[in-house]
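> Before I ask anything, let me first share the structure, which is written out below as structure tokens.
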Amino acid sequence: MEPTREQIRSFNDDGYLVVEDLIDPAAVAALRARLDELQEASVAGADAPVKFQLEKGGAATAVKPSLRKLDEPALTDPLFRSVAATPAILDIVTTLTGGGVHLMLYSDQVFMKPAFCGSEKPLHQDNSYFKVTPHTAGITCWIALDDATTENGCLHYIPGSHKLGLVKHREMAEKMHLTPDVDFPLPTEVAVPVRAGTCIFHHLLAMHSSKANRSALPRRAYAVHYANRSAESCVRSWDDMLPLR
Ligand SMILES: O=C(O)CCC(=O)C(=O)O
């Protein structure tokens, strides 16, 4: 499904594009079920099939320690791999990254915000981590697996911030995060609440964040980062990426 001219204009203006209901409800349900299994396995101390992090406040505030993040599930799990390769996503990614023929799965992550204790993800540009050049040759597709609301930690964006270029970032929270370190005031972020199954495509320079989950409902999302073969990255080699098309 090619993006419309209006969608391309909106992405170029704002640095992000919301496409509702792009992911089939059955795929959303399957991913949620897989996350529940991984949550159970992590609590039981079973050998983890994927790299994961636990929510720091989880042990203190919840009955069980809660998963906060999975790293690169598509490398080992065909379910994640098939969702990352959803043709409707790849069509949009291909157009928004400049029409490169060879599209690679740069990396993927599941961001989970467990009820009551999900922590914030500070404001950042993805390319402060990924170092893809040119910046336009990569993109993130953030897939909501739960309804993401202002109460449970939906994404917030600074519209147009991708036009600032890659700004200096500093490390914070024991080097877990990077956040802009600039000497000018940044415009206000806007909240972007979305329904489960919605995809938000964002430019690698779009400044975004998500707030803590203070609600009784979880907020889980699968973020897939793509790069086309016209790109280079000094932190990741093509051999470590999965070819998609
Ligand atoms: O889901 C979140 O809370 C953060 C997501 C994010 O920063 C990203 O997808 O780049």
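By convention here, the chains of the structure tokens are called A, B, ... in the order presented, each chain's residues are numbered starting at 1, and ligands are numbered starting at 1 in the order presented.
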For A:Arg9, work out the shell of residues within 12 Å, counting only C-alpha atoms and skipping chain neighbours fewer than 6 positions away, then give it as a list in words.
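Answer for this query is Pro3, Gly15, Tyr16, Leu17, Thr95, Leu96 and Gly160 of chain A.
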> How would you report the residues lying within 6 Å of ligand 1, as a list of chain:residue names, if you count only C-alpha atoms and all ligand atoms?
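Final answer, ordered by chain and number: A:Phe111, A:Lys121, A:Asp126, A:Trp142, A:Ser209, A:Ser210, A:Ala221, A:Ala223.
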> Determine the nearest neighbour of A:Pro159 from the options A:Glu37, A:Asp147, A:Glu189, A:Asp240, counting only C-alpha atoms.
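Ranked by minimum distance to A:Pro159, first place goes to A:Glu189.
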> In Å, with one decimal, what is the gap from atom CA of A:Thr198 to atom CA of A:Ser215?
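Interatomic distance, atom CA of A:Thr198 to atom CA of A:Ser215: 20.4 Å.
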> Using backbone DSSP assignments, extract all strand (DSSP E or B) residues from stretch 13-232 of chain A; output them as a ChimeraX atom specification.
/A:16-19,51-54,67-71,103-113,121-124,132-133,138-144,148,155-157,169-172,177-180,190-192,194,199-203,208-210,219-228,232
> Compare A:Val224, A:Leu31, A:Leu38, A:Met207 by their minimum atom-to-atom distance to A:Pro78, counting only C-alpha atoms, and give me the closest one.
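Among the listed residues, the smallest separation from A:Pro78 belongs to A:Leu31.
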> Extract, using only C-alpha atoms, all DNA, RNA and protein residues at most 12 Å from A:Asp36, discarding same-chain residues fewer than 2 positions from it, and format them as a list in words.
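Here the qualifying residues turn out to be Ala29, Ala30, Leu31, Arg32, Ala33, Arg34, Leu38, Gln39, Glu40, Ala41, Ser42, Val43, Ser66, Leu67, Met112, Pro114, Pro218 and Arg220 of chain A.
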> Determine the nearest neighbour of A:Glu55 from the options A:Ala212, A:Ile89, A:Ala206, A:Leu79, counting only C-alpha atoms.
A:Ala212
> So which bits of stretch 20-215 of chain A end up alpha helix (DSSP H) when you DSSP the backbone, as an NGL selection string?
:A and (25-44 or 58-61 or 78-84 or 87-96 or 127-130)
> So what do you get for atom CA of A:Ala148 versus atom CA of A:Leu242, distance-wise?
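So the two atoms, atom CA of A:Ala148 and atom CA of A:Leu242, lie 28.4 Å apart.
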> Fewer than 2 positions away in the same chain doesn't count, so skip those; otherwise give me all residues within 12 Å of A:Lys113, counting only C-alpha atoms, as a ChimeraX atom specification.
/A:53-58,66-70,110-111,115-121,144-149,151-155,210-222
> Which polymer residues have any atom within 8 Å of an atom of A:Pro87, counting only C-alpha atoms, with same-chain residues fewer than 3 positions away left out, as a ChimeraX atom specification?
/A:1,90-91
> Take the residues that were just selected and, keeping N, CA, C and O atoms, output them as a PDB file, in the first residue's frame.

ATOM      1  N   MET A   1       0.836  -1.197   0.000  1.00  0.00           N
ATOM      2  CA  MET A   1       0.000   0.000   0.000  1.00  0.00           C
ATOM      3  C   MET A   1       0.875   1.252   0.000  1.00  0.00           C
ATOM      4  O   MET A   1       1.521   1.556   0.998  1.00  0.00           O
ATOM      5  N   LEU A  90       6.297  -2.342   4.632  1.00  0.00           N
ATOM      6  CA  LEU A  90       7.484  -2.201   3.765  1.00  0.00           C
ATOM      7  C   LEU A  90       7.217  -1.250   2.602  1.00  0.00           C
ATOM      8  O   LEU A  90       8.112  -0.511   2.184  1.00  0.00           O
ATOM      9  N   ASP A  91       5.981  -1.243   2.088  1.00  0.00           N
ATOM     10  CA  ASP A  91       5.658  -0.314   0.994  1.00  0.00           C
ATOM     11  C   ASP A  91       5.849   1.130   1.469  1.00  0.00           C
ATOM     12  O   ASP A  91       6.443   1.961   0.768  1.00  0.00           O
TER      13      ASP A  91
END
